[in-house]
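entry-v8.pdb, holding PDB, C-alpha atoms, pLDDT in the B column:
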ATOM      1  CA  MET A  66     -19.134 -19.256 -12.070  1.00 57.00           C
ATOM      2  CA  THR A  67     -21.484 -22.001 -13.215  1.00 73.00           C
ATOM      3  CA  ALA A  68     -22.096 -22.398 -16.957  1.00 87.00           C
ATOM      4  CA  GLU A  69     -25.724 -21.448 -16.271  1.00 95.00           C
ATOM      5  CA  LEU A  70     -24.700 -18.100 -14.752  1.00 96.00           C
ATOM      6  CA  GLU A  71     -22.112 -16.359 -16.910  1.00 97.00           C
ATOM      7  CA  THR A  72     -20.154 -13.223 -16.079  1.00 97.00           C
ATOM      8  CA  SER A  73     -17.888 -10.977 -18.112  1.00 97.00           C
ATOM      9  CA  LEU A  74     -16.109  -7.707 -17.346  1.00 98.00           C
ATOM     10  CA  VAL A  75     -15.464  -5.188 -20.112  1.00 97.00           C
ATOM     11  CA  ASP A  76     -14.577  -1.516 -19.596  1.00 96.00           C
ATOM     12  CA  GLY A  77     -15.839  -1.476 -16.031  1.00 96.00           C
ATOM     13  CA  ILE A  78     -19.154  -3.171 -16.874  1.00 98.00           C
ATOM     14  CA  LEU A  79     -19.837  -6.491 -15.165  1.00 98.00           C
ATOM     15  CA  THR A  80     -22.411  -8.413 -17.207  1.00 98.00           C
ATOM     16  CA  ILE A  81     -24.250 -11.139 -15.298  1.00 98.00           C
ATOM     17  CA  ARG A  82     -26.153 -13.423 -17.633  1.00 98.00           C
ATOM     18  CA  MET A  83     -28.569 -16.147 -16.579  1.00 98.00           C
ATOM     19  CA  ASN A  84     -28.037 -18.814 -19.236  1.00 97.00           C
ATOM     20  CA  ARG A  85     -30.307 -21.802 -18.725  1.00 96.00           C
ATOM     21  CA  PRO A  86     -32.592 -21.459 -21.751  1.00 96.00           C
ATOM     22  CA  ALA A  87     -34.016 -24.987 -21.594  1.00 95.00           C
ATOM     23  CA  LYS A  88     -35.597 -24.065 -18.229  1.00 95.00           C
ATOM     24  CA  LYS A  89     -36.254 -20.398 -19.081  1.00 96.00           C
ATOM     25  CA  ASN A  90     -33.551 -19.445 -16.602  1.00 97.00           C
ATOM     26  CA  ALA A  91     -35.275 -20.989 -13.601  1.00 96.00           C
ATOM     27  CA  LEU A  92     -32.775 -20.434 -10.808  1.00 96.00           C
ATOM     28  CA  THR A  93     -31.086 -23.303  -8.974  1.00 94.00           C
ATOM     29  CA  GLY A  94     -29.145 -23.061  -5.722  1.00 92.00           C
ATOM     30  CA  GLU A  95     -25.897 -23.104  -7.681  1.00 94.00           C
ATOM     31  CA  MET A  96     -27.083 -20.244  -9.886  1.00 96.00           C
ATOM     32  CA  TYR A  97     -28.176 -18.218  -6.860  1.00 96.00           C
ATOM     33  CA  ALA A  98     -24.780 -18.740  -5.222  1.00 95.00           C
ATOM     34  CA  ALA A  99     -22.911 -17.716  -8.381  1.00 97.00           C
ATOM     35  CA  PHE A 100     -25.142 -14.653  -8.793  1.00 98.00           C
ATOM     36  CA  THR A 101     -24.478 -13.626  -5.181  1.00 98.00           C
ATOM     37  CA  ARG A 102     -20.717 -14.070  -5.589  1.00 97.00           C
ATOM     38  CA  ALA A 103     -20.726 -11.949  -8.732  1.00 98.00           C
ATOM     39  CA  LEU A 104     -22.514  -9.108  -6.958  1.00 98.00           C
ATOM     40  CA  THR A 105     -20.545  -9.234  -3.714  1.00 97.00           C
ATOM     41  CA  GLU A 106     -17.193  -9.463  -5.491  1.00 97.00           C
ATOM     42  CA  GLY A 107     -18.234  -6.657  -7.825  1.00 97.00           C
ATOM     43  CA  GLU A 108     -18.922  -4.439  -4.810  1.00 95.00           C
ATOM     44  CA  THR A 109     -15.261  -4.418  -3.813  1.00 94.00           C
ATOM     45  CA  ASP A 110     -13.504  -4.937  -7.161  1.00 96.00           C
ATOM     46  CA  PRO A 111     -12.093  -1.549  -8.266  1.00 93.00           C
ATOM     47  CA  ALA A 112     -12.352  -2.667 -11.893  1.00 95.00           C
ATOM     48  CA  VAL A 113     -16.154  -2.967 -11.628  1.00 97.00           C
ATOM     49  CA  ARG A 114     -18.126   0.267 -11.950  1.00 96.00           C
ATOM     50  CA  VAL A 115     -21.616  -0.996 -12.917  1.00 98.00           C
ATOM     51  CA  ALA A 116     -23.418  -4.329 -13.375  1.00 98.00           C
ATOM     52  CA  VAL A 117     -25.815  -5.374 -16.148  1.00 98.00           C
ATOM     53  CA  ILE A 118     -28.213  -8.252 -15.400  1.00 98.00           C
ATOM     54  CA  CYS A 119     -29.736 -10.117 -18.337  1.00 98.00           C
ATOM     55  CA  GLY A 120     -31.047 -13.469 -19.504  1.00 98.00           C
ATOM     56  CA  VAL A 121     -31.459 -15.034 -22.927  1.00 97.00           C
ATOM     57  CA  PRO A 122     -33.909 -14.211 -25.734  1.00 95.00           C
ATOM     58  CA  GLY A 123     -37.383 -15.128 -24.543  1.00 94.00           C
ATOM     59  CA  ALA A 124     -36.404 -15.655 -20.901  1.00 97.00           C
ATOM     60  CA  PHE A 125     -35.126 -13.281 -18.265  1.00 98.00           C
ATOM     61  CA  SER A 126     -35.942 -15.724 -15.473  1.00 98.00           C
ATOM     62  CA  ALA A 127     -38.788 -18.113 -14.718  1.00 96.00           C
ATOM     63  CA  GLY A 128     -38.032 -17.649 -11.013  1.00 95.00           C
ATOM     64  CA  ASN A 129     -37.181 -20.511  -8.685  1.00 92.00           C
ATOM     65  CA  ASP A 130     -36.558 -23.942 -10.102  1.00 89.00           C
ATOM     66  CA  LEU A 131     -39.432 -25.485  -8.142  1.00 77.00           C
ATOM     67  CA  GLU A 132     -38.026 -29.012  -8.239  1.00 80.00           C
ATOM     68  CA  ALA A 133     -34.715 -27.854  -6.763  1.00 73.00           C
ATOM     69  CA  PHE A 134     -36.550 -25.486  -4.403  1.00 69.00           C
ATOM     70  CA  LEU A 135     -38.725 -28.232  -2.932  1.00 70.00           C
ATOM     71  CA  ALA A 136     -35.848 -30.709  -2.737  1.00 68.00           C
ATOM     72  CA  ALA A 137     -33.895 -28.238  -0.602  1.00 66.00           C
ATOM     73  CA  ARG A 138     -36.772 -27.115   1.619  1.00 65.00           C
ATOM     74  CA  ASN A 139     -35.640 -29.188   4.615  1.00 63.00           C
ATOM     75  CA  GLU A 140     -31.943 -28.352   4.350  1.00 67.00           C
ATOM     76  CA  PRO A 141     -30.572 -26.450   7.371  1.00 63.00           C
ATOM     77  CA  GLY A 142     -29.479 -22.832   7.135  1.00 63.00           C
ATOM     78  CA  PRO A 143     -30.584 -19.956   4.933  1.00 72.00           C
ATOM     79  CA  ARG A 144     -31.592 -20.616   1.344  1.00 82.00           C
ATOM     80  CA  PRO A 145     -29.203 -19.487  -1.430  1.00 90.00           C
ATOM     81  CA  ALA A 146     -31.983 -17.193  -2.698  1.00 92.00           C
ATOM     82  CA  HIS A 147     -31.914 -15.283   0.595  1.00 94.00           C
ATOM     83  CA  ALA A 148     -28.231 -14.436   0.170  1.00 96.00           C
ATOM     84  CA  LEU A 149     -28.901 -13.072  -3.313  1.00 97.00           C
ATOM     85  CA  ILE A 150     -31.814 -10.969  -2.071  1.00 97.00           C
ATOM     86  CA  HIS A 151     -29.641  -9.473   0.663  1.00 97.00           C
ATOM     87  CA  ALA A 152     -26.862  -8.778  -1.859  1.00 97.00           C
ATOM     88  CA  LEU A 153     -29.299  -6.983  -4.156  1.00 98.00           C
ATOM     89  CA  ALA A 154     -30.753  -4.933  -1.317  1.00 97.00           C
ATOM     90  CA  ALA A 155     -27.298  -3.957  -0.049  1.00 96.00           C
ATOM     91  CA  ALA A 156     -25.778  -3.213  -3.453  1.00 97.00           C
ATOM     92  CA  THR A 157     -24.043   0.143  -3.816  1.00 96.00           C
ATOM     93  CA  LEU A 158     -23.017  -0.853  -7.343  1.00 97.00           C
ATOM     94  CA  PRO A 159     -25.368   0.614  -9.972  1.00 98.00           C
ATOM     95  CA  LEU A 160     -27.545  -2.161 -11.422  1.00 98.00           C
ATOM     96  CA  VAL A 161     -29.033  -2.160 -14.939  1.00 98.00           C
ATOM     97  CA  ALA A 162     -31.364  -4.911 -16.184  1.00 98.00           C
ATOM     98  CA  ALA A 163     -32.362  -6.013 -19.689  1.00 98.00           C
ATOM     99  CA  VAL A 164     -35.569  -8.086 -19.664  1.00 98.00           C
ATOM    100  CA  ASP A 165     -36.953 -10.192 -22.505  1.00 98.00           C
ATOM    101  CA  GLY A 166     -39.611 -12.879 -22.193  1.00 97.00           C
ATOM    102  CA  VAL A 167     -40.674 -14.267 -18.847  1.00 98.00           C
ATOM    103  CA  ALA A 168     -39.789 -12.604 -15.554  1.00 98.00           C
ATOM    104  CA  VAL A 169     -41.485 -14.644 -12.832  1.00 98.00           C
ATOM    105  CA  GLY A 170     -41.222 -14.324  -9.051  1.00 97.00           C
ATOM    106  CA  ILE A 171     -37.707 -13.229  -8.202  1.00 97.00           C
ATOM    107  CA  GLY A 172     -37.299 -12.549 -11.926  1.00 98.00           C
ATOM    108  CA  THR A 173     -39.592  -9.581 -11.271  1.00 98.00           C
ATOM    109  CA  THR A 174     -38.811  -8.719  -7.647  1.00 98.00           C
ATOM    110  CA  LEU A 175     -35.068  -8.401  -8.284  1.00 98.00           C
ATOM    111  CA  LEU A 176     -35.909  -5.577 -10.705  1.00 98.00           C
ATOM    112  CA  LEU A 177     -37.156  -3.525  -7.759  1.00 98.00           C
ATOM    113  CA  HIS A 178     -33.513  -3.344  -6.649  1.00 98.00           C
ATOM    114  CA  CYS A 179     -32.193  -2.238 -10.055  1.00 98.00           C
ATOM    115  CA  ASP A 180     -31.569   1.395 -10.945  1.00 98.00           C
ATOM    116  CA  PHE A 181     -32.469   1.085 -14.643  1.00 98.00           C
ATOM    117  CA  VAL A 182     -34.689  -1.568 -16.236  1.00 98.00           C
ATOM    118  CA  TYR A 183     -35.145  -2.012 -19.994  1.00 98.00           C
ATOM    119  CA  ALA A 184     -37.701  -4.480 -21.316  1.00 98.00           C
ATOM    120  CA  THR A 185     -39.017  -5.730 -24.628  1.00 98.00           C
ATOM    121  CA  PRO A 186     -42.681  -5.401 -25.653  1.00 97.00           C
ATOM    122  CA  GLY A 187     -43.022  -9.170 -25.236  1.00 96.00           C
ATOM    123  CA  ALA A 188     -41.707  -9.250 -21.662  1.00 98.00           C
ATOM    124  CA  LYS A 189     -44.146 -10.893 -19.239  1.00 98.00           C
ATOM    125  CA  PHE A 190     -43.914 -10.166 -15.536  1.00 98.00           C
ATOM    126  CA  SER A 191     -45.485 -12.188 -12.742  1.00 97.00           C
ATOM    127  CA  LEU A 192     -45.633 -12.134  -8.949  1.00 98.00           C
ATOM    128  CA  PRO A 193     -47.360 -15.493  -8.401  1.00 97.00           C
ATOM    129  CA  PHE A 194     -46.509 -16.029  -4.724  1.00 96.00           C
ATOM    130  CA  ILE A 195     -50.129 -15.990  -3.540  1.00 97.00           C
ATOM    131  CA  ASN A 196     -51.036 -18.647  -6.097  1.00 96.00           C
ATOM    132  CA  LEU A 197     -48.346 -20.919  -4.651  1.00 93.00           C
ATOM    133  CA  GLY A 198     -49.597 -20.452  -1.118  1.00 94.00           C
ATOM    134  CA  LEU A 199     -46.716 -18.079  -0.356  1.00 95.00           C
ATOM    135  CA  CYS A 200     -46.217 -14.381   0.412  1.00 97.00           C
ATOM    136  CA  PRO A 201     -44.138 -11.660  -1.295  1.00 96.00           C
ATOM    137  CA  GLU A 202     -40.340 -11.740  -1.057  1.00 95.00           C
ATOM    138  CA  ALA A 203     -37.256  -9.620  -1.787  1.00 96.00           C
ATOM    139  CA  GLY A 204     -38.808  -6.610  -0.085  1.00 96.00           C
ATOM    140  CA  SER A 205     -41.540  -6.404  -2.725  1.00 97.00           C
ATOM    141  CA  SER A 206     -44.295  -5.812  -0.142  1.00 97.00           C
ATOM    142  CA  LEU A 207     -42.489  -2.562   0.738  1.00 96.00           C
ATOM    143  CA  LEU A 208     -40.906  -1.545  -2.555  1.00 97.00           C
ATOM    144  CA  LEU A 209     -43.833  -2.213  -4.891  1.00 97.00           C
ATOM    145  CA  PRO A 210     -46.385  -0.068  -2.979  1.00 97.00           C
ATOM    146  CA  ARG A 211     -43.740   2.664  -2.732  1.00 95.00           C
ATOM    147  CA  LEU A 212     -43.286   2.503  -6.507  1.00 96.00           C
ATOM    148  CA  ALA A 213     -46.794   1.794  -7.778  1.00 97.00           C
ATOM    149  CA  GLY A 214     -49.092   2.812  -4.921  1.00 96.00           C
ATOM    150  CA  TYR A 215     -50.931   0.530  -2.529  1.00 97.00           C
ATOM    151  CA  HIS A 216     -53.879  -0.419  -4.736  1.00 98.00           C
ATOM    152  CA  ARG A 217     -51.820  -1.357  -7.787  1.00 97.00           C
ATOM    153  CA  ALA A 218     -49.409  -3.321  -5.589  1.00 98.00           C
ATOM    154  CA  ALA A 219     -52.364  -5.107  -3.990  1.00 98.00           C
ATOM    155  CA  GLN A 220     -53.652  -6.025  -7.440  1.00 97.00           C
ATOM    156  CA  LEU A 221     -50.319  -7.483  -8.514  1.00 98.00           C
ATOM    157  CA  LEU A 222     -49.444  -9.248  -5.253  1.00 98.00           C
ATOM    158  CA  MET A 223     -52.878 -10.377  -4.051  1.00 98.00           C
ATOM    159  CA  LEU A 224     -54.159 -11.628  -7.428  1.00 98.00           C
ATOM    160  CA  GLY A 225     -50.771 -12.810  -8.701  1.00 97.00           C
ATOM    161  CA  GLU A 226     -51.762 -12.358 -12.339  1.00 97.00           C
ATOM    162  CA  PRO A 227     -49.163 -11.814 -15.087  1.00 97.00           C
ATOM    163  CA  PHE A 228     -48.740  -8.304 -16.484  1.00 98.00           C
ATOM    164  CA  ASP A 229     -47.094  -6.894 -19.582  1.00 97.00           C
ATOM    165  CA  ALA A 230     -44.293  -4.437 -20.254  1.00 98.00           C
ATOM    166  CA  ALA A 231     -46.700  -1.549 -20.817  1.00 97.00           C
ATOM    167  CA  LEU A 232     -48.118  -1.907 -17.290  1.00 98.00           C
ATOM    168  CA  ALA A 233     -44.639  -2.443 -15.869  1.00 98.00           C
ATOM    169  CA  GLN A 234     -43.537   0.821 -17.461  1.00 98.00           C
ATOM    170  CA  SER A 235     -46.643   2.689 -16.307  1.00 97.00           C
ATOM    171  CA  ILE A 236     -45.927   1.852 -12.651  1.00 97.00           C
ATOM    172  CA  GLY A 237     -42.238   2.684 -12.946  1.00 97.00           C
ATOM    173  CA  LEU A 238     -40.876  -0.858 -12.712  1.00 98.00           C
ATOM    174  CA  VAL A 239     -39.513  -0.569 -16.273  1.00 98.00           C
ATOM    175  CA  HIS A 240     -37.559   2.485 -17.378  1.00 96.00           C
ATOM    176  CA  GLU A 241     -38.006   1.977 -21.116  1.00 97.00           C
ATOM    177  CA  VAL A 242     -39.609  -0.528 -23.494  1.00 98.00           C
ATOM    178  CA  CYS A 243     -37.498  -1.242 -26.571  1.00 96.00           C
ATOM    179  CA  ALA A 244     -37.287  -3.786 -29.382  1.00 96.00           C
ATOM    180  CA  SER A 245     -36.012  -7.283 -28.684  1.00 94.00           C
ATOM    181  CA  ASP A 246     -32.891  -6.755 -30.754  1.00 94.00           C
ATOM    182  CA  GLU A 247     -32.123  -3.492 -28.944  1.00 97.00           C
ATOM    183  CA  VAL A 248     -32.846  -4.199 -25.285  1.00 97.00           C
ATOM    184  CA  GLU A 249     -29.391  -5.386 -24.267  1.00 97.00           C
ATOM    185  CA  ALA A 250     -27.713  -2.676 -26.326  1.00 97.00           C
ATOM    186  CA  ARG A 251     -29.787  -0.038 -24.511  1.00 98.00           C
ATOM    187  CA  ALA A 252     -28.871  -1.515 -21.148  1.00 98.00           C
ATOM    188  CA  GLN A 253     -25.196  -1.618 -22.067  1.00 98.00           C
ATOM    189  CA  ALA A 254     -25.309   1.967 -23.379  1.00 98.00           C
ATOM    190  CA  THR A 255     -26.681   3.182 -20.060  1.00 98.00           C
ATOM    191  CA  ALA A 256     -24.082   1.087 -18.242  1.00 98.00           C
ATOM    192  CA  ARG A 257     -21.314   2.774 -20.245  1.00 98.00           C
ATOM    193  CA  LYS A 258     -22.636   6.202 -19.236  1.00 97.00           C
ATOM    194  CA  LEU A 259     -22.708   5.143 -15.593  1.00 97.00           C
ATOM    195  CA  ALA A 260     -19.237   3.590 -15.796  1.00 96.00           C
ATOM    196  CA  ALA A 261     -17.875   6.955 -16.954  1.00 94.00           C
ATOM    197  CA  LYS A 262     -19.082   8.742 -13.804  1.00 95.00           C
ATOM    198  CA  PRO A 263     -16.922   9.213 -10.703  1.00 94.00           C
ATOM    199  CA  ARG A 264     -17.431   5.986  -8.741  1.00 93.00           C
ATOM    200  CA  ARG A 265     -17.725   7.467  -5.260  1.00 94.00           C
ATOM    201  CA  ALA A 266     -20.160  10.184  -6.326  1.00 96.00           C
ATOM    202  CA  LEU A 267     -22.297   7.653  -8.200  1.00 96.00           C
ATOM    203  CA  ARG A 268     -22.501   5.256  -5.272  1.00 96.00           C
ATOM    204  CA  ALA A 269     -23.201   8.101  -2.856  1.00 96.00           C
ATOM    205  CA  THR A 270     -26.063   9.250  -5.078  1.00 97.00           C
ATOM    206  CA  LYS A 271     -27.535   5.742  -5.165  1.00 97.00           C
ATOM    207  CA  ALA A 272     -27.207   5.411  -1.395  1.00 96.00           C
ATOM    208  CA  LEU A 273     -29.042   8.689  -0.849  1.00 96.00           C
ATOM    209  CA  LEU A 274     -31.805   7.658  -3.253  1.00 96.00           C
ATOM    210  CA  LYS A 275     -32.277   4.363  -1.399  1.00 95.00           C
ATOM    211  CA  ARG A 276     -32.579   5.853   2.090  1.00 93.00           C
ATOM    212  CA  GLY A 277     -35.935   5.304   3.723  1.00 90.00           C
ATOM    213  CA  GLU A 278     -38.506   7.942   4.576  1.00 91.00           C
ATOM    214  CA  GLU A 279     -37.096  10.566   6.922  1.00 94.00           C
ATOM    215  CA  PRO A 280     -37.533  14.260   7.752  1.00 96.00           C
ATOM    216  CA  VAL A 281     -36.313  16.592   5.034  1.00 96.00           C
ATOM    217  CA  ALA A 282     -33.842  18.155   7.439  1.00 97.00           C
ATOM    218  CA  THR A 283     -32.303  14.731   8.124  1.00 97.00           C
ATOM    219  CA  ARG A 284     -31.871  14.100   4.415  1.00 96.00           C
ATOM    220  CA  VAL A 285     -30.410  17.575   3.896  1.00 97.00           C
ATOM    221  CA  ASP A 286     -27.825  16.867   6.585  1.00 97.00           C
ATOM    222  CA  ALA A 287     -26.955  13.516   4.979  1.00 96.00           C
ATOM    223  CA  GLU A 288     -26.509  15.208   1.616  1.00 95.00           C
ATOM    224  CA  ILE A 289     -24.343  17.938   3.133  1.00 96.00           C
ATOM    225  CA  ALA A 290     -22.083  15.332   4.725  1.00 96.00           C
ATOM    226  CA  GLU A 291     -21.643  13.425   1.454  1.00 96.00           C
ATOM    227  CA  PHE A 292     -21.290  16.623  -0.589  1.00 95.00           C
ATOM    228  CA  SER A 293     -18.578  17.951   1.697  1.00 96.00           C
ATOM    229  CA  ALA A 294     -16.656  14.679   1.584  1.00 96.00           C
ATOM    230  CA  LEU A 295     -16.922  14.477  -2.199  1.00 95.00           C
ATOM    231  CA  LEU A 296     -15.610  18.034  -2.625  1.00 94.00           C
ATOM    232  CA  ALA A 297     -12.262  16.800  -1.329  1.00 92.00           C
ATOM    233  CA  THR A 298     -11.954  13.894  -3.787  1.00 93.00           C
ATOM    234  CA  PRO A 299      -9.501  13.935  -6.720  1.00 93.00           C
ATOM    235  CA  ALA A 300     -12.405  13.333  -9.116  1.00 93.00           C
ATOM    236  CA  ALA A 301     -14.311  16.461  -8.065  1.00 94.00           C
ATOM    237  CA  ARG A 302     -11.192  18.625  -8.050  1.00 92.00           C
ATOM    238  CA  GLU A 303     -10.212  17.386 -11.519  1.00 91.00           C
ATOM    239  CA  ILE A 304     -13.699  17.851 -13.018  1.00 93.00           C
ATOM    240  CA  MET A 305     -14.104  21.402 -11.697  1.00 92.00           C
ATOM    241  CA  GLY A 306     -10.524  22.317 -12.567  1.00 93.00           C
ATOM    242  CA  ALA A 307     -11.018  21.035 -16.119  1.00 92.00           C
ATOM    243  CA  PHE A 308     -14.201  23.087 -16.441  1.00 92.00           C
ATOM    244  CA  LEU A 309     -12.420  26.274 -15.388  1.00 94.00           C
ATOM    245  CA  GLU A 310      -9.485  25.512 -17.694  1.00 93.00           C
ATOM    246  CA  LYS A 311     -11.817  24.652 -20.586  1.00 93.00           C
ATOM    247  CA  ARG A 312     -10.359  21.185 -21.159  1.00 93.00           C
ATOM    248  CA  ALA A 313     -11.542  17.590 -20.954  1.00 92.00           C
ATOM    249  CA  PRO A 314     -11.107  16.052 -17.486  1.00 91.00           C
ATOM    250  CA  ASP A 315      -8.506  13.372 -16.943  1.00 87.00           C
ATOM    251  CA  ARG A 316     -10.695  10.356 -16.222  1.00 84.00           C
ATOM    252  CA  THR A 317      -7.775   8.379 -14.832  1.00 81.00           C
ATOM    253  CA  LEU A 318      -8.146  10.573 -11.759  1.00 76.00           C
ATOM    254  CA  PHE A 319     -11.748   9.446 -11.271  1.00 77.00           C
ATOM    255  CA  ASP A 320     -12.116   7.138  -8.269  1.00 76.00           C
TER     256      ASP A 320
END
Hey, can you dump this file as structure tokens for me?
Amino acid sequence: MTAELETSLVDGILTIRMNRPAKKNALTGEMYAAFTRALTEGETDPAVRVAVICGVPGAFSAGNDLEAFLAARNEPGPRPAHALIHALAAATLPLVAAVDGVAVGIGTTLLLHCDFVYATPGAKFSLPFINLGLCPEAGSSLLLPRLAGYHRAAQLLMLGEPFDAALAQSIGLVHEVCASDEVEARAQATARKLAAKPRRALRATKALLKRGEEPVATRVDAEIAEFSALLATPAAREIMGAFLEKRAPDRTLFD
């Protein structure tokens, strides 16, 4: 990992911290690459059960480092940001974010791929792509209308004006607004709850939630398939057996 993108793993919780305070966590190619590695390695590491994404006080992320972004615009191959976006979109790992201060561009759009988002009252979100002569990214032209409705998404993406935590919460982008000195603790508390769940059941639930629009009967069949497979897992057998025997389940048997 780069010093500007720190990771730690404690009790199944992978914490990914953007740590470039002098630039308000503007993301460089190196930071994008480290972020992508952390997510992709976390997907297959049996010790990782959930990831928490955070920044520093006053800055979640100012988005792309424009100087680095423009310097690399003529380099061949996909941009490092694209790999991160694909990793976020493909993540089966539960993702929890703690947002304080600025969240610009990808600092906001990455939240659309998180399962829980906590923010401080002073958090400031921005989708300024139109004002840079660009278009939405990270699937935000699909995910934001799905979350907030077409007209609110049009307001945020076509005007590109900053918005506060209260609006972010009202459209469902933010799960909860909490004090600056509590936001990371709230994110970590939720991560601990998630880390205690059976891994396979948790990831199956997330995968079902993220499926696109489809007929109800198709979704029912997908749920039946997952449900039937999960019934045979050691975790499910242990949890139901413990319930019948009126004892605490042995969590070492959780997958």
Expressed in Å to a single decimal, how great is the separation between CA of Thr185 in chain A and CA of Ala244 in chain A?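 Calculated distance between CA of Thr185 in chain A and CA of Ala244 in chain A is 5.4 Å.
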Could you please determine the separation between CA of Leu207 in chain A and CA of Arg268 in chain A in Å, to one decimal place?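 Computed distance, CA of Leu207 in chain A to CA of Arg268 in chain A, equals 22.3 Å.
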Once the PyMOL selection byres ((chain A and resi 246-248) around 12) has been evaluated on this model, what residues remain selected, and can you format them as a ChimeraX atom specification? /A:117-123,125,161-166,181-188,239-245,249-255
I need the chosen residues saved as a compact mmCIF listing (two decimals), in the frame of the given file, with C-alpha atoms.
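Below is the file result_19.txt, written as the result:
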# COMPACT_ATOMS: atom_id res chain seq x y z
CA VAL A 117 -25.82 -5.37 -16.15
CA ILE A 118 -28.21 -8.25 -15.40
CA CYS A 119 -29.74 -10.12 -18.34
CA GLY A 120 -31.05 -13.47 -19.50
CA VAL A 121 -31.46 -15.03 -22.93
CA PRO A 122 -33.91 -14.21 -25.73
CA GLY A 123 -37.38 -15.13 -24.54
CA PHE A 125 -35.13 -13.28 -18.26
CA VAL A 161 -29.03 -2.16 -14.94
CA ALA A 162 -31.36 -4.91 -16.18
CA ALA A 163 -32.36 -6.01 -19.69
CA VAL A 164 -35.57 -8.09 -19.66
CA ASP A 165 -36.95 -10.19 -22.50
CA GLY A 166 -39.61 -12.88 -22.19
CA PHE A 181 -32.47 1.08 -14.64
CA VAL A 182 -34.69 -1.57 -16.24
CA TYR A 183 -35.15 -2.01 -19.99
CA ALA A 184 -37.70 -4.48 -21.32
CA THR A 185 -39.02 -5.73 -24.63
CA PRO A 186 -42.68 -5.40 -25.65
CA GLY A 187 -43.02 -9.17 -25.24
CA ALA A 188 -41.71 -9.25 -21.66
CA VAL A 239 -39.51 -0.57 -16.27
CA HIS A 240 -37.56 2.48 -17.38
CA GLU A 241 -38.01 1.98 -21.12
CA VAL A 242 -39.61 -0.53 -23.49
CA CYS A 243 -37.50 -1.24 -26.57
CA ALA A 244 -37.29 -3.79 -29.38
CA SER A 245 -36.01 -7.28 -28.68
CA GLU A 249 -29.39 -5.39 -24.27
CA ALA A 250 -27.71 -2.68 -26.33
CA ARG A 251 -29.79 -0.04 -24.51
CA ALA A 252 -28.87 -1.52 -21.15
CA GLN A 253 -25.20 -1.62 -22.07
CA ALA A 254 -25.31 1.97 -23.38
CA THR A 255 -26.68 3.18 -20.06
Rounded to one decimal, what separation in Å do you get between CA of Thr105 in chain A and CA of Pro159 in chain A? 12.6 Å
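The residue that comes closest to Glu108 in chain A, out of A:Leu158, A:Gly128, A:Cys179, A:Pro145 and on the basis of only C-alpha atoms, is A:Leu158.
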Given all atoms listed in the file as the basis, pick out the residue of A:Leu79, A:Ala287, A:Ala103, A:Ile304 nearest to Leu259 in chain A.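 Comparing A:Leu79, A:Ala287, A:Ala103, A:Ile304 against Leu259 in chain A, the winner is A:Leu79.
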Taking (-35.6, -20.9, -13.5) in the file's coordinates as the center, which residues reach within 10 Å of it, counting all atoms listed in the file, put as a list in words?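 The distance filter leaves exactly Met83, Asn84, Arg85, Pro86, Ala87, Lys88, Lys89, Asn90, Ala91, Leu92, Thr93, Met96, Ala124, Phe125, Ser126, Ala127, Gly128, Asn129, Asp130, Leu131, Glu132, Ala133, Val167, Ala168, Val169, Gly170, Ile171 and Gly172 of chain A.
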Within 10 Å of (-20.1, 14.5, -2.8) in the file's own coordinates, which protein, DNA or RNA residues have an atom, counting all atoms listed in the file? List them as a PDB file with C-alpha atoms, in the coordinates of the input.
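And here is the file that came out, point-v1.pdb:
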ATOM      1  CA  ARG A 265     -17.725   7.467  -5.260  1.00 94.00           C
ATOM      2  CA  ALA A 266     -20.160  10.184  -6.326  1.00 96.00           C
ATOM      3  CA  LEU A 267     -22.297   7.653  -8.200  1.00 96.00           C
ATOM      4  CA  ARG A 268     -22.501   5.256  -5.272  1.00 96.00           C
ATOM      5  CA  ALA A 269     -23.201   8.101  -2.856  1.00 96.00           C
ATOM      6  CA  THR A 270     -26.063   9.250  -5.078  1.00 97.00           C
ATOM      7  CA  GLU A 288     -26.509  15.208   1.616  1.00 95.00           C
ATOM      8  CA  ILE A 289     -24.343  17.938   3.133  1.00 96.00           C
ATOM      9  CA  ALA A 290     -22.083  15.332   4.725  1.00 96.00           C
ATOM     10  CA  GLU A 291     -21.643  13.425   1.454  1.00 96.00           C
ATOM     11  CA  PHE A 292     -21.290  16.623  -0.589  1.00 95.00           C
ATOM     12  CA  SER A 293     -18.578  17.951   1.697  1.00 96.00           C
ATOM     13  CA  ALA A 294     -16.656  14.679   1.584  1.00 96.00           C
ATOM     14  CA  LEU A 295     -16.922  14.477  -2.199  1.00 95.00           C
ATOM     15  CA  LEU A 296     -15.610  18.034  -2.625  1.00 94.00           C
ATOM     16  CA  ALA A 297     -12.262  16.800  -1.329  1.00 92.00           C
ATOM     17  CA  THR A 298     -11.954  13.894  -3.787  1.00 93.00           C
ATOM     18  CA  ALA A 301     -14.311  16.461  -8.065  1.00 94.00           C
TER      19      ALA A 301
END
List the neighbours of Ala219 in chain A out to 9 Å using only C-alpha atoms; skip same-chain residues closer than 5 positions along the sequence, and give me the result as a PDB file with C-alpha atoms, in the frame of the given file.
ATOM      1  CA  SER A 206     -44.295  -5.812  -0.142  1.00 97.00           C
ATOM      2  CA  PRO A 210     -46.385  -0.068  -2.979  1.00 97.00           C
ATOM      3  CA  GLY A 214     -49.092   2.812  -4.921  1.00 96.00           C
ATOM      4  CA  LEU A 224     -54.159 -11.628  -7.428  1.00 98.00           C
TER       5      LEU A 224
END
Please write the residues picked by the PyMOL selection byres ((chain A and resi 114) around 10) on this file as a PyMOL selection string. chain A and resi 74+76-79+107-113+115-116+158-160+256-257+259-265+267-268+320
Please provide the set of residues having any atom within 8 Å of Thr173 in chain A, restricted to only C-alpha atoms, with same-chain residues fewer than 5 positions apart removed, written as a PyMOL selection string. chain A and resi 168+190-192
Long-range neighbours of Ala99 in chain A as a list in words, 12 Å cut-off, all atoms listed in the file, 6 positions minimum in chain: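 Once the nearby chain positions are removed, what remains is Met66, Thr67, Ala68, Glu69, Leu70, Glu71, Thr72, Ile81, Arg82, Met83, Leu92, Thr93, Thr105, Glu106, Pro145, Ala146, Ala148, Leu149 and Ala152 of chain A.
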